[in-house]
Every structure is written in structure tokens, then in C-alpha cells.
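Visitor: Structure file model.txt (compact mmCIF, C-alpha atoms) right here:
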# COMPACT_ATOMS: atom_id res chain seq x y z
CA MET A 1 18.87 -27.23 9.57
CA ARG A 2 16.98 -24.84 11.81
CA ARG A 3 14.20 -22.45 10.87
CA THR A 4 12.93 -19.75 13.19
CA THR A 5 10.07 -17.29 13.00
CA ARG A 6 9.76 -14.42 15.48
CA THR A 7 7.06 -11.75 15.60
CA THR A 8 7.86 -8.52 17.43
CA ALA A 9 4.65 -6.54 16.78
CA LEU A 10 1.89 -5.97 14.28
CA THR A 11 1.06 -2.85 12.33
CA ALA A 12 -2.54 -1.81 11.81
CA LEU A 13 -2.62 -1.51 8.07
CA LEU A 14 -0.25 -2.11 5.16
CA ALA A 15 -0.92 1.15 3.42
CA GLY A 16 -0.59 3.06 6.65
CA THR A 17 2.73 1.38 7.53
CA ALA A 18 4.25 1.67 4.10
CA LEU A 19 2.89 4.98 3.01
CA ALA A 20 2.13 7.18 6.00
CA LEU A 21 5.30 6.80 8.07
CA THR A 22 7.81 9.59 7.66
CA ALA A 23 11.06 8.39 9.21
CA CYS A 24 14.04 8.29 6.82
CA GLY A 25 16.57 5.51 6.46
CA GLY A 26 20.11 6.06 7.65
CA GLY A 27 23.29 5.57 5.65
CA SER A 28 25.16 2.28 5.61
CA GLY A 29 28.65 3.19 4.36
CA PHE A 30 29.25 0.37 1.91
CA ASP A 31 31.28 0.18 -1.30
CA GLU A 32 28.72 0.40 -4.11
CA GLU A 33 31.09 -1.18 -6.65
CA GLU A 34 31.66 -4.36 -4.67
CA PRO A 35 28.56 -6.14 -3.33
CA ALA A 36 28.86 -7.73 0.06
CA ALA A 37 30.06 -11.30 -0.01
CA THR A 38 27.55 -14.10 0.33
CA ASP A 39 27.99 -17.13 2.55
CA GLY A 40 25.87 -19.76 0.99
CA GLY A 41 22.25 -20.28 0.09
CA THR A 42 22.97 -21.25 -3.53
CA GLU A 43 20.81 -23.57 -5.56
CA GLU A 44 23.46 -26.28 -5.17
CA GLY A 45 23.66 -26.08 -1.39
CA GLY A 46 22.24 -24.51 1.77
CA GLY A 47 23.78 -22.54 4.59
CA GLY A 48 23.80 -19.02 5.85
CA GLU A 49 21.08 -17.04 7.56
CA LEU A 50 18.57 -14.41 6.50
CA THR A 51 16.47 -11.98 8.49
CA ILE A 52 13.29 -10.61 6.93
CA LEU A 53 11.51 -7.50 8.25
CA ILE A 54 7.95 -6.79 7.18
CA GLY A 55 5.17 -4.36 8.00
CA SER A 56 2.04 -6.46 8.28
CA SER A 57 -1.63 -5.70 7.83
CA GLY A 58 -2.45 -8.36 10.40
CA ALA A 59 -2.33 -12.06 11.19
CA ALA A 60 -3.36 -13.13 7.69
CA GLU A 61 -0.39 -11.42 6.05
CA THR A 62 2.05 -12.41 8.79
CA ASP A 63 1.04 -16.06 8.60
CA ALA A 64 1.19 -16.15 4.80
CA VAL A 65 4.65 -14.58 4.56
CA THR A 66 5.95 -16.76 7.38
CA ALA A 67 4.66 -19.92 5.70
CA ALA A 68 6.21 -18.96 2.35
CA VAL A 69 9.57 -18.16 3.92
CA ASP A 70 9.53 -21.36 5.98
CA ALA A 71 8.82 -23.42 2.85
CA TRP A 72 11.73 -21.82 1.01
CA SER A 73 13.96 -22.25 4.06
CA ALA A 74 13.19 -25.95 4.27
CA GLU A 75 14.03 -26.43 0.60
CA SER A 76 17.12 -24.21 0.45
CA GLY A 77 18.70 -25.06 3.79
CA VAL A 78 19.05 -21.36 4.64
CA ASP A 79 17.83 -20.36 8.10
CA ALA A 80 15.31 -17.53 7.74
CA THR A 81 13.70 -15.43 10.47
CA VAL A 82 10.60 -13.29 9.84
CA ASN A 83 10.17 -10.26 12.10
CA VAL A 84 7.14 -7.95 12.05
CA ALA A 85 7.90 -4.28 12.63
CA SER A 86 5.83 -1.98 14.80
CA ASP A 87 7.39 0.99 12.97
CA LEU A 88 8.92 -0.31 9.76
CA ASN A 89 10.74 2.81 8.58
CA GLN A 90 12.14 3.59 12.02
CA GLU A 91 13.41 0.06 12.53
CA LEU A 92 14.97 0.02 9.07
CA ALA A 93 16.66 3.37 9.76
CA GLN A 94 18.09 2.03 12.99
CA GLY A 95 19.37 -1.09 11.25
CA PHE A 96 20.98 0.85 8.42
CA ALA A 97 22.61 3.31 10.83
CA ALA A 98 24.03 0.48 12.93
CA GLY A 99 25.33 -1.39 9.89
CA SER A 100 23.12 -4.39 10.75
CA PRO A 101 19.94 -4.06 8.67
CA PRO A 102 17.65 -6.99 7.86
CA ASP A 103 18.72 -8.85 4.74
CA VAL A 104 15.27 -8.59 3.12
CA PHE A 105 12.55 -6.09 3.96
CA TYR A 106 9.45 -4.30 2.75
CA ALA A 107 10.41 -1.00 1.10
CA SER A 108 7.79 1.56 0.09
CA THR A 109 7.79 3.86 -2.90
CA ASP A 110 7.95 6.98 -0.75
CA GLN A 111 11.12 5.79 0.98
CA LEU A 112 12.89 4.36 -2.09
CA ALA A 113 14.67 7.51 -3.23
CA GLY A 114 16.08 8.07 0.26
CA TYR A 115 17.32 4.50 0.53
CA VAL A 116 18.99 4.78 -2.86
CA ALA A 117 20.54 8.15 -2.04
CA ASN A 118 22.15 6.92 1.16
CA GLY A 119 23.32 3.66 -0.37
CA SER A 120 21.13 1.31 1.65
CA LEU A 121 19.76 -0.81 -1.20
CA PHE A 122 21.31 -3.57 -3.27
CA PRO A 123 19.99 -3.19 -6.87
CA TYR A 124 19.07 -6.67 -8.06
CA ALA A 125 15.62 -6.55 -9.66
CA ALA A 126 16.68 -6.13 -13.30
CA ASP A 127 18.53 -9.46 -13.13
CA LEU A 128 15.55 -11.49 -11.88
CA PRO A 129 14.29 -14.14 -14.34
CA ASN A 130 10.78 -12.64 -14.08
CA ALA A 131 11.87 -8.98 -14.28
CA ASP A 132 9.80 -8.37 -17.42
CA ASP A 133 6.70 -9.98 -15.89
CA PHE A 134 6.10 -7.18 -13.38
CA TYR A 135 3.50 -4.63 -14.39
CA PRO A 136 5.25 -1.68 -16.08
CA SER A 137 3.79 0.87 -13.68
CA LEU A 138 5.15 -1.15 -10.76
CA ARG A 139 8.62 -1.42 -12.29
CA GLU A 140 8.52 2.34 -12.71
CA ASN A 141 7.64 2.77 -9.03
CA PHE A 142 10.92 1.11 -8.04
CA THR A 143 13.21 2.52 -10.69
CA VAL A 144 15.58 5.35 -9.80
CA ASP A 145 17.80 7.00 -12.43
CA GLY A 146 17.02 4.20 -14.84
CA GLU A 147 17.92 1.36 -12.46
CA PHE A 148 15.28 -1.15 -11.37
CA TYR A 149 16.17 -1.63 -7.70
CA CYS A 150 13.79 -4.06 -6.09
CA ALA A 151 10.98 -6.43 -7.02
CA PRO A 152 7.38 -5.26 -6.39
CA LYS A 153 5.92 -7.76 -3.97
CA ASP A 154 2.26 -7.07 -4.82
CA PHE A 155 -0.02 -4.08 -5.23
CA SER A 156 -3.40 -2.74 -4.25
CA THR A 157 -5.85 -0.12 -5.39
CA LEU A 158 -8.74 1.48 -3.52
CA ALA A 159 -12.40 0.67 -4.00
CA LEU A 160 -15.71 1.28 -2.23
CA ILE A 161 -16.57 -1.46 0.25
CA ILE A 162 -20.29 -1.76 1.04
CA ASN A 163 -21.91 -3.67 3.90
CA THR A 164 -24.68 -5.53 2.07
CA ASP A 165 -26.75 -6.18 5.20
CA ALA A 166 -26.78 -2.48 6.09
CA TRP A 167 -27.50 -1.69 2.44
CA ALA A 168 -30.56 -3.93 2.36
CA ALA A 169 -31.77 -2.72 5.76
CA ALA A 170 -31.74 0.85 4.41
CA GLY A 171 -33.92 -0.22 1.48
CA LEU A 172 -31.15 0.25 -1.08
CA THR A 173 -30.73 -1.98 -4.13
CA ASP A 174 -28.05 -2.70 -6.74
CA ALA A 175 -29.35 0.25 -8.73
CA ASP A 176 -28.35 2.54 -5.85
CA VAL A 177 -24.65 1.67 -5.88
CA PRO A 178 -23.10 5.16 -6.22
CA THR A 179 -21.51 6.09 -9.52
CA ASP A 180 -20.71 9.77 -8.82
CA TRP A 181 -20.12 12.11 -5.90
CA GLU A 182 -23.74 13.16 -5.64
CA SER A 183 -25.01 9.61 -5.34
CA LEU A 184 -22.19 8.73 -2.89
CA ALA A 185 -23.25 11.53 -0.56
CA ALA A 186 -26.89 10.53 -0.95
CA VAL A 187 -26.42 6.86 -0.01
CA ALA A 188 -24.06 7.83 2.81
CA LYS A 189 -26.87 9.96 4.23
CA THR A 190 -29.38 7.12 3.84
CA LEU A 191 -27.05 4.68 5.59
CA THR A 192 -26.28 6.97 8.51
CA THR A 193 -28.22 6.03 11.64
CA GLY A 194 -27.79 6.52 15.36
CA GLU A 195 -25.49 3.49 15.50
CA GLN A 196 -23.56 3.73 12.24
CA VAL A 197 -22.18 6.34 9.90
CA GLY A 198 -22.64 6.00 6.18
CA LEU A 199 -18.95 6.25 5.21
CA SER A 200 -15.64 6.11 7.05
CA PHE A 201 -12.02 6.21 5.94
CA GLY A 202 -8.73 7.29 7.45
CA PRO A 203 -7.81 11.00 7.70
CA GLU A 204 -4.98 10.84 5.20
CA TYR A 205 -4.10 11.65 1.62
CA GLN A 206 -3.79 7.89 1.01
CA ARG A 207 -7.61 7.73 1.14
CA LEU A 208 -8.89 11.25 0.52
CA GLY A 209 -6.56 11.51 -2.48
CA VAL A 210 -8.97 9.50 -4.59
CA PHE A 211 -11.31 12.49 -4.64
CA MET A 212 -8.46 14.72 -5.78
CA GLU A 213 -7.77 12.37 -8.69
CA GLN A 214 -11.46 12.11 -9.55
CA ALA A 215 -11.64 15.90 -9.70
CA GLY A 216 -8.65 16.03 -12.04
CA GLY A 217 -6.15 17.10 -9.39
CA GLY A 218 -3.41 15.39 -7.45
CA LEU A 219 -0.12 16.25 -5.79
CA VAL A 220 2.22 16.54 -8.78
CA ASP A 221 1.86 16.81 -12.55
CA GLU A 222 2.29 13.86 -14.91
CA ASP A 223 6.02 14.55 -15.25
CA GLY A 224 6.43 14.53 -11.49
CA THR A 225 8.30 17.83 -11.59
CA THR A 226 5.69 20.43 -10.61
CA ALA A 227 3.39 20.56 -7.58
CA ILE A 228 -0.30 21.04 -8.37
CA VAL A 229 -1.65 20.81 -4.83
CA ASP A 230 -3.34 24.22 -4.71
CA SER A 231 -5.31 23.66 -7.92
CA PRO A 232 -9.04 24.44 -8.21
CA GLU A 233 -9.64 20.73 -8.78
CA ASN A 234 -8.15 19.81 -5.41
CA THR A 235 -10.09 22.60 -3.74
CA GLU A 236 -13.29 21.15 -5.16
CA ALA A 237 -12.36 17.67 -3.95
CA LEU A 238 -11.52 18.66 -0.38
CA THR A 239 -14.57 20.88 -0.15
CA PHE A 240 -16.78 17.94 -1.10
CA VAL A 241 -15.20 15.71 1.55
CA GLN A 242 -15.41 18.53 4.08
CA GLN A 243 -19.14 18.89 3.46
CA MET A 244 -19.72 15.18 4.07
CA LEU A 245 -17.87 15.51 7.38
CA LYS A 246 -19.97 18.53 8.35
CA ASP A 247 -23.17 16.70 7.37
CA GLY A 248 -22.23 13.79 9.63
CA VAL A 249 -22.45 11.19 6.85
CA LEU A 250 -18.66 10.71 6.84
CA ALA A 251 -16.60 10.13 9.97
CA TYR A 252 -12.96 9.32 10.51
CA PRO A 253 -12.39 5.97 12.26
CA SER A 254 -11.11 7.58 15.46
CA ALA A 255 -14.41 9.44 15.81
CA ILE A 256 -16.31 6.16 15.93
CA ASP A 257 -13.99 4.24 18.25
CA SER A 258 -12.05 2.47 15.50
CA GLY A 259 -8.41 2.21 14.59
CA TRP A 260 -8.82 2.21 10.80
CA GLY A 261 -11.48 2.05 8.11
CA GLY A 262 -11.54 -1.73 8.04
CA GLU A 263 -12.31 -1.94 11.73
CA ALA A 264 -15.01 0.74 11.47
CA PHE A 265 -16.55 -1.22 8.61
CA GLY A 266 -16.19 -4.73 10.02
CA SER A 267 -17.55 -3.71 13.43
CA GLY A 268 -20.66 -2.21 11.84
CA ARG A 269 -19.87 1.33 12.97
CA ALA A 270 -19.66 2.33 9.29
CA ALA A 271 -21.74 1.00 6.41
CA MET A 272 -19.15 1.85 3.74
CA THR A 273 -15.43 2.44 3.62
CA ILE A 274 -12.79 3.24 1.03
CA GLU A 275 -10.03 0.69 1.35
CA GLY A 276 -7.66 -1.53 -0.58
CA ASN A 277 -7.59 -5.24 -1.29
CA TRP A 278 -5.94 -5.92 2.06
CA ILE A 279 -9.32 -5.43 3.73
CA THR A 280 -10.48 -8.80 2.44
CA GLY A 281 -7.93 -10.66 4.53
CA ALA A 282 -8.57 -8.49 7.57
CA LEU A 283 -12.32 -9.04 7.37
CA LYS A 284 -11.86 -12.78 6.88
CA ASN A 285 -9.80 -13.00 10.06
CA ASP A 286 -11.34 -10.36 12.30
CA PHE A 287 -14.93 -9.97 11.08
CA PRO A 288 -15.80 -13.21 9.24
CA ASP A 289 -19.56 -12.65 9.50
CA THR A 290 -19.51 -9.29 7.73
CA LYS A 291 -21.06 -9.49 4.27
CA TYR A 292 -19.83 -6.98 1.75
CA LEU A 293 -19.60 -5.89 -1.86
CA VAL A 294 -16.55 -4.38 -3.56
CA ALA A 295 -17.67 -1.65 -5.95
CA PRO A 296 -15.71 0.76 -8.16
CA LEU A 297 -15.16 4.14 -6.60
CA PRO A 298 -17.72 6.69 -7.79
CA GLU A 299 -16.46 9.00 -10.53
CA GLY A 300 -15.81 12.67 -9.93
CA PRO A 301 -16.07 15.72 -12.20
CA ALA A 302 -13.05 14.53 -14.21
CA GLY A 303 -13.97 10.85 -14.29
CA PRO A 304 -12.69 7.76 -12.46
CA GLY A 305 -9.77 7.93 -10.10
CA THR A 306 -8.06 5.80 -7.48
CA LEU A 307 -4.70 5.41 -5.82
CA GLN A 308 -2.22 2.56 -6.19
CA PHE A 309 -0.06 1.20 -3.40
CA THR A 310 2.88 -1.14 -3.62
CA ASN A 311 5.94 -2.22 -1.70
CA CYS A 312 9.01 -4.00 -2.96
CA TRP A 313 11.24 -6.66 -1.49
CA GLY A 314 14.28 -4.60 -0.61
CA ILE A 315 17.66 -6.28 -0.13
CA ALA A 316 20.21 -4.51 2.03
CA ALA A 317 23.48 -3.41 0.51
CA ASP A 318 25.09 -4.49 3.78
CA SER A 319 23.58 -8.00 3.66
CA ALA A 320 26.18 -10.72 4.03
CA ASN A 321 24.01 -13.20 2.16
CA GLN A 322 22.73 -11.35 -0.91
CA GLU A 323 22.75 -14.42 -3.12
CA ALA A 324 20.35 -16.28 -0.85
CA ALA A 325 18.29 -13.11 -0.40
CA VAL A 326 17.77 -12.81 -4.16
CA GLN A 327 16.77 -16.47 -4.35
CA LEU A 328 14.23 -15.91 -1.58
CA VAL A 329 12.74 -12.96 -3.48
CA GLU A 330 12.52 -15.12 -6.63
CA HIS A 331 10.45 -17.59 -4.60
CA LEU A 332 8.25 -14.92 -3.03
CA THR A 333 7.46 -13.21 -6.36
CA ALA A 334 6.82 -16.40 -8.36
CA THR A 335 3.38 -16.52 -9.99
CA GLU A 336 2.08 -19.40 -7.87
CA GLN A 337 3.29 -17.84 -4.63
CA GLN A 338 1.77 -14.45 -5.46
CA VAL A 339 -1.60 -16.06 -6.11
CA ALA A 340 -1.31 -17.75 -2.71
CA PHE A 341 -0.60 -14.37 -1.09
CA ALA A 342 -3.62 -12.90 -2.85
CA GLU A 343 -5.84 -15.60 -1.43
CA ALA A 344 -4.38 -15.21 2.04
CA PHE A 345 -4.56 -11.45 2.55
CA GLY A 346 -6.18 -9.79 -0.43
CA VAL A 347 -3.35 -8.14 -2.36
CA MET A 348 -3.07 -8.31 -6.15
CA PRO A 349 -0.10 -10.10 -7.75
CA SER A 350 2.58 -7.80 -9.12
CA VAL A 351 3.26 -10.05 -12.12
CA GLU A 352 1.09 -9.98 -15.22
CA SER A 353 1.24 -13.76 -15.56
CA ALA A 354 -0.98 -14.05 -12.47
CA GLY A 355 -3.61 -11.56 -13.62
CA GLU A 356 -6.08 -13.91 -15.25
CA GLU A 357 -5.84 -16.44 -12.44
CA PHE A 358 -6.55 -13.66 -9.97
CA ARG A 359 -9.66 -12.64 -11.89
CA THR A 360 -10.86 -16.23 -12.09
CA THR A 361 -10.17 -16.99 -8.46
CA PHE A 362 -11.44 -13.70 -7.03
CA PRO A 363 -14.18 -12.40 -9.33
CA GLU A 364 -15.66 -10.44 -6.41
CA GLN A 365 -12.49 -8.32 -6.36
CA ALA A 366 -12.65 -7.35 -10.02
CA ALA A 367 -13.20 -3.69 -9.14
CA PHE A 368 -9.73 -3.53 -7.61
CA LEU A 369 -8.01 -4.96 -10.66
CA ASP A 370 -10.17 -3.02 -13.13
CA SER A 371 -9.06 0.27 -11.62
CA ALA A 372 -5.37 -0.55 -12.00
CA GLU A 373 -5.52 0.92 -15.50
CA PHE A 374 -5.99 4.47 -14.20
CA ALA A 375 -4.60 4.17 -10.65
CA VAL A 376 -2.02 6.74 -9.55
CA GLY A 377 0.89 5.93 -7.26
CA MET A 378 2.51 7.96 -4.51
CA PRO A 379 5.14 10.56 -5.45
CA THR A 380 8.55 8.91 -5.17
CA VAL A 381 10.72 12.03 -4.90
CA GLN A 382 12.86 12.12 -1.77
CA GLY A 383 11.10 14.10 0.94
CA ALA A 384 7.59 13.63 -0.45
CA SER A 385 6.68 11.32 2.41
CA ASP A 386 7.36 14.12 4.90
CA VAL A 387 5.15 16.50 2.94
CA ILE A 388 2.36 13.93 2.81
CA GLY A 389 2.76 13.30 6.52
CA ASP A 390 2.25 17.01 7.23
CA PHE A 391 -0.73 17.05 4.86
CA ASN A 392 -2.25 14.13 6.75
CA GLY A 393 -1.96 16.05 10.00
CA GLN A 394 -3.97 18.88 8.47
CA ILE A 395 -6.55 16.50 6.98
CA GLU A 396 -7.44 15.39 10.51
CA GLY A 397 -8.91 18.84 11.05
CA LEU A 398 -10.50 19.16 7.61
CA ALA A 399 -14.05 19.62 8.91
CA ALA A 400 -13.21 23.06 10.29
CA ALA A 401 -10.26 23.93 8.04
CA ASP A 402 -9.69 26.65 5.48
CA VAL A 403 -9.30 24.40 2.46
CA ALA A 404 -7.49 26.96 0.30
CA ALA A 405 -4.99 27.76 3.06
CA MET A 406 -4.38 24.07 3.71
CA LEU A 407 -3.64 23.32 0.08
CA ALA A 408 -1.46 26.39 -0.26
CA SER A 409 0.80 25.26 2.57
CA VAL A 410 1.15 21.77 1.12
CA GLN A 411 1.81 23.28 -2.32
CA THR A 412 4.76 25.24 -0.94
CA ASN A 413 6.20 22.21 0.80
CA MET A 414 5.79 19.88 -2.16
CA GLN A 415 7.31 22.30 -4.65
CA ALA A 416 10.26 22.83 -2.31
CA VAL A 417 10.88 19.07 -2.28
CA LEU A 418 10.56 18.83 -6.07
CA GLY A 419 12.90 21.78 -6.49
CA ALA A 420 15.48 20.22 -4.20
CA GLU A 421 15.28 16.95 -6.14
CA GLY A 422 15.78 18.74 -9.43
Go ahead and render the structure in this file as C-alpha cells.

Guide:
Amino acid sequence: MRRTTRTTALTALLAGTALALTACGGGSGFDEEEPAATDGGTEEGGGGELTILIGSSGAAETDAVTAAVDAWSAESGVDATVNVASDLNQELAQGFAAGSPPDVFYASTDQLAGYVANGSLFPYAADLPNADDFYPSLRENFTVDGEFYCAPKDFSTLALIINTDAWAAAGLTDADVPTDWESLAAVAKTLTTGEQVGLSFGPEYQRLGVFMEQAGGGLVDEDGTTAIVDSPENTEALTFVQQMLKDGVLAYPSAIDSGWGGEAFGSGRAAMTIEGNWITGALKNDFPDTKYLVAPLPEGPAGPGTLQFTNCWGIAADSANQEAAVQLVEHLTATEQQVAFAEAFGVMPSVESAGEEFRTTFPEQAAFLDSAEFAVGMPTVQGASDVIGDFNGQIEGLAAADVAAMLASVQTNMQAVLGAEG
């Protein structure tokens, strides 16, 4: 039995790879009524091969997934190769179009509808032994037309990450941890010096969107059928962020020689950032001396608000070894394995059975899990990722933008997508 692991490239950030890319998957031309035949990998015997394609947040995630796959491979007798994509959606599209996709792969909520529409996904999740253990909101993220397609691999929310050394040096105490927008802007100003900015996060809806939620806005209504982008609530949110940019207390990572918020934070160029659980693994590996606190995001005019991110383990409809692929996913989503992933690179388990163990093991990350109750996911309608991608391009120029005009353009694009879906 032979096991191989090959890394092609690393992505900068899980949320960015899974949620900000806009390429669409190609069709695969398979017969939906007859799943592709398998060639082994059963519980009674080994055999066959699997390829796994992931978008990684860094070495911590790559190493953890590789170790888990290798352990399953050794036990099952199925050769399994882990590849790390430099552009996950593009590489998946190429594989689907060529009729040779990876057997198992990360699939994001914003790409799911497209993959389903062009017949790229094998729907298996409802038949998993632990199907009912996944958080309901996560099952919903990967359900299309009533069918639960793929198993959520984990999930993350956003919180405020504070450099405690910078905090103390600025004379701030626990009582100063911001609880609303006004206090966030105030501490960001206090923390801003000639060498560091008070707050930094990526120029994208996947970060700035928390302010929209806290203001009572968002991209679509609760039914997911009507765009609400040009609402007064969103105008208020973007205007607040714009003012912080103008005041110099908020800077995008690229403006301070950083690739993403975690790098800006870990390098000391920013005293605070808004990021997800994945930052814990990145800091452990890349900036182990950085001391930090994870705090709930400050509330806005409408109360608390954060965003939720998740990927699933997709299985290709064209896979020749679907049976083994499903067994691998069972292993990767088992309670014990998900807790191990959480420890390795900071994500939260997607199964409820691991919730208490996560809280016990990682009490310092309680703010992430606490916010899951009101976290909002990305719109899953086909084409929404393209609209968000365009929005992100405009957010890069937010400091000098006409906020109302920006939101109006995104409103038109989002409603067009929703109308086409309907």
C-alpha cells in the first residue's frame, strides 16, 4: 500500500479562498440517476485511489488535513493524495470541464448552487451516520432544493482580535474592550501610533459585512429573495467604516505592507483585527510570540452581528471511487477528528457533539462560538459570489467613495441575480 501527499501551493486565507474567489465550476456531463462506479475502498477491503483538493489557510491546516488523510489511508488501504490549490475554484472548474475533477474537495457556500446546477456534485450528506449531528444552520448552507449535498467540514465566525501587549502599552485595561462602534473607534485611535494602526482588516464584504449586520442591514432579506443592499442601515455602516479609514485609525492590510489581517496583526503593524478562528493557527505557526485576546465584536445600532463561514467536503459526481470518498468524509467529520482540526488550525467543529469539548479545550475562543447563535452566512444563490466580488473591488476604494452610489450599484446586481434564480 502506498500513500502520497503532494502540495502544489498555499492560499493566504481560508475565508478569502472559499468566499472571495469568483470563478464558476464547469459542467461534467454525467448521468445523475446512476452514480459512478466505485473500485474499492470498502470497510471490508482496501484498494483504489483518491485525490483531495483543498484551499488552505497555511501550513497548520495543510499539515492537519494531510495527517488525517494519511491516517485514514493507512487504515483503509486506499491511496490518497492531498493537493493544495493556489486558486481553488479555478482548479475545480478546470477539473470538472476536463472530466477529471478531484474525488474530494473543499466546496464553499457561494459556489454550491453552481456546482449543483451543472451536475458536478454527488449528493451524499443525508446518508451519513452523523447527518443529524451537524448544526442546523450549516446543513441549511449546503442544502439545495431540499437535498443535503455535502458535509460541512467546520465553520468559523468573526471576532475582534486584540494585541494585549499593544493594549497595555497604550494604557488600556479590560474595561476599555470596545462594546459599541463609538468605543471601537476610540480605542482604535488610542492604539494608532507612528508604527502601528489601531485596526486592520481586509477590503471585502467578508469582513466589513459585520458592520452591515450590526446596523441591521445585510445583502439579502431573511427569505433570501430580495436584495437590501441600498438600505439606510448599510449606508450607516459603510459611512462609519469610511470615517475610520479617513481618520487613519483603520487601514487595509495592503496599506501597511501586509497580505491579510492576520499578518498585519501578527507583525505588529496593527493592534487589532477582525478575523475568524483560523487566525489562531496562523498566529501559532507564523507569529508565536504575539499575545492576544479574542473579544466579541462590538455591537452596532441594531445590536450584535457577525458573519459565518463554512466549507463542505464535496465529492465529485465524476469520481470513480465515491464509496471510498464517502468513507473518508465520515472519518474527517467524526467528532474526535474535528476536535483535532480545531486544535491544529482554529476552526470550530461542524458537529454539535463536539461543542462542549471545544469550549472546554479552547475557553479563550468562546467569543467565536458564542456568536454562532446570531451569525449570518453568505448568500448561496447562484451568481452571488460574482456580485460580492464586484462589491469587494469597490470596497477597496471606500475611503474616497460615494457610499450611496456604491450600494446602489451592488443592489442592482444582487437583485438581478436573485431575480434570475427565482

Visitor: Which residue, A:Thr225, A:Gln365, A:Gln242, A:Gln206, has the smallest gap to A:Ala399 when you use only C-alpha atoms?

Guide: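 Using only C-alpha atoms, the shortest distance to A:Ala399 belongs to A:Gln242.
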
Visitor: Could you work out how far atom CA of A:Val229 lies from atom CA of A:Gly393, giving the answer in Å with one decimal?

Guide: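 Interatomic distance here is 15.6 Å.
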
Visitor: Find the residues near stretch 261-278 of chain A: any atom within 6 Å, counting only C-alpha atoms, skip ones fewer than 4 places away on the same chain, and give them as a PyMOL selection string.

Guide: chain A and resi 156-163+196-202+253+287+345-347

Visitor: Give me, as a list in words, all polymer residues having an atom no more than 8 Å from stretch 180-186 of chain A, counting all atoms listed in the file and skipping those fewer than 2 positions away in the same chain.

Guide: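 The neighbour list is Asp176, Val177, Pro178, Ala188, Lys189, Thr190, Met244, Val249, Pro298, Glu299 and Gly300 of chain A.
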
Visitor: Check the smallest atom-to-atom distance from each of A:Gly48, A:Pro152, A:Pro363, A:Pro232 to A:Ala107 using all atoms listed in the file, then report the winner.

Guide: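 Looking at the shortest contact to A:Ala107, the residue is A:Pro152.
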
Visitor: Could you check which of A:Phe391, A:Trp313, A:Trp72, A:Tyr292 is closest to A:Tyr149, using only C-alpha atoms?

Guide: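 Of all the options, A:Trp313 lies closest to A:Tyr149.
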
Visitor: Nearest to A:Gly119 among A:Glu213, A:Glu75, A:Ala316, A:Glu396, with distances taken over only C-alpha atoms: which residue is it?

Guide: A:Ala316

Visitor: Between A:Ala255, A:Ala416, A:Val376, A:Val220, single out the one closest to A:Thr306, counting all atoms listed in the file.

Guide: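 Comparing A:Ala255, A:Ala416, A:Val376, A:Val220 against A:Thr306, the winner is A:Val376.
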
Visitor: Using only C-alpha atoms, which of A:Val78, A:Ala354, A:Ala85, A:Ala295 sits nearest A:Thr62?

Guide: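 Going through A:Val78, A:Ala354, A:Ala85, A:Ala295 one by one, the smallest distance to A:Thr62 is for A:Ala85.
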
Visitor: What's the separation between atom CA of A:Ile54 and atom CA of A:Gly377, in Å to one decimal place?

Guide: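 Atom CA of A:Gly377 lies at a distance of 20.5 Å from atom CA of A:Ile54.
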
Visitor: Mind filling out stretch 246-258 of chain A with N, CA, C and O atoms and sending it as a PDB file, in the coordinates of the input?

Guide:
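What follows is the written file selection-v5.pdb:
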ATOM      1  N   LYS A 246     -19.069  17.594   7.662  1.00  0.00           N
ATOM      2  CA  LYS A 246     -19.970  18.530   8.350  1.00  0.00           C
ATOM      3  C   LYS A 246     -21.379  17.983   8.441  1.00  0.00           C
ATOM      4  O   LYS A 246     -22.093  18.203   9.442  1.00  0.00           O
ATOM      5  N   ASP A 247     -21.815  17.256   7.397  1.00  0.00           N
ATOM      6  CA  ASP A 247     -23.170  16.700   7.370  1.00  0.00           C
ATOM      7  C   ASP A 247     -23.309  15.474   8.273  1.00  0.00           C
ATOM      8  O   ASP A 247     -24.434  14.988   8.481  1.00  0.00           O
ATOM      9  N   GLY A 248     -22.185  14.949   8.749  1.00  0.00           N
ATOM     10  CA  GLY A 248     -22.230  13.790   9.630  1.00  0.00           C
ATOM     11  C   GLY A 248     -22.436  12.469   8.920  1.00  0.00           C
ATOM     12  O   GLY A 248     -22.699  11.453   9.578  1.00  0.00           O
ATOM     13  N   VAL A 249     -22.279  12.441   7.588  1.00  0.00           N
ATOM     14  CA  VAL A 249     -22.450  11.190   6.850  1.00  0.00           C
ATOM     15  C   VAL A 249     -21.096  10.517   6.596  1.00  0.00           C
ATOM     16  O   VAL A 249     -21.039   9.376   6.138  1.00  0.00           O
ATOM     17  N   LEU A 250     -20.024  11.226   6.895  1.00  0.00           N
ATOM     18  CA  LEU A 250     -18.660  10.710   6.840  1.00  0.00           C
ATOM     19  C   LEU A 250     -18.010  10.964   8.182  1.00  0.00           C
ATOM     20  O   LEU A 250     -18.151  12.057   8.748  1.00  0.00           O
ATOM     21  N   ALA A 251     -17.320   9.970   8.704  1.00  0.00           N
ATOM     22  CA  ALA A 251     -16.600  10.130   9.970  1.00  0.00           C
ATOM     23  C   ALA A 251     -15.264   9.409   9.865  1.00  0.00           C
ATOM     24  O   ALA A 251     -15.169   8.328   9.267  1.00  0.00           O
ATOM     25  N   TYR A 252     -14.239  10.003  10.427  1.00  0.00           N
ATOM     26  CA  TYR A 252     -12.960   9.320  10.510  1.00  0.00           C
ATOM     27  C   TYR A 252     -13.060   8.188  11.515  1.00  0.00           C
ATOM     28  O   TYR A 252     -13.844   8.270  12.474  1.00  0.00           O
ATOM     29  N   PRO A 253     -12.292   7.117  11.350  1.00  0.00           N
ATOM     30  CA  PRO A 253     -12.390   5.970  12.260  1.00  0.00           C
ATOM     31  C   PRO A 253     -12.244   6.329  13.735  1.00  0.00           C
ATOM     32  O   PRO A 253     -12.963   5.785  14.584  1.00  0.00           O
ATOM     33  N   SER A 254     -11.319   7.237  14.052  1.00  0.00           N
ATOM     34  CA  SER A 254     -11.110   7.580  15.460  1.00  0.00           C
ATOM     35  C   SER A 254     -12.343   8.196  16.101  1.00  0.00           C
ATOM     36  O   SER A 254     -12.535   8.103  17.325  1.00  0.00           O
ATOM     37  N   ALA A 255     -13.199   8.804  15.294  1.00  0.00           N
ATOM     38  CA  ALA A 255     -14.410   9.440  15.810  1.00  0.00           C
ATOM     39  C   ALA A 255     -15.490   8.421  16.150  1.00  0.00           C
ATOM     40  O   ALA A 255     -16.467   8.750  16.832  1.00  0.00           O
ATOM     41  N   ILE A 256     -15.318   7.205  15.660  1.00  0.00           N
ATOM     42  CA  ILE A 256     -16.310   6.160  15.930  1.00  0.00           C
ATOM     43  C   ILE A 256     -15.632   4.946  16.581  1.00  0.00           C
ATOM     44  O   ILE A 256     -15.983   3.790  16.305  1.00  0.00           O
ATOM     45  N   ASP A 257     -14.633   5.252  17.410  1.00  0.00           N
ATOM     46  CA  ASP A 257     -13.990   4.240  18.250  1.00  0.00           C
ATOM     47  C   ASP A 257     -13.385   3.102  17.429  1.00  0.00           C
ATOM     48  O   ASP A 257     -13.528   1.927  17.772  1.00  0.00           O
ATOM     49  N   SER A 258     -12.677   3.462  16.360  1.00  0.00           N
ATOM     50  CA  SER A 258     -12.050   2.470  15.500  1.00  0.00           C
ATOM     51  C   SER A 258     -10.632   2.900  15.145  1.00  0.00           C
ATOM     52  O   SER A 258     -10.324   4.089  15.087  1.00  0.00           O
TER      53      SER A 258
END
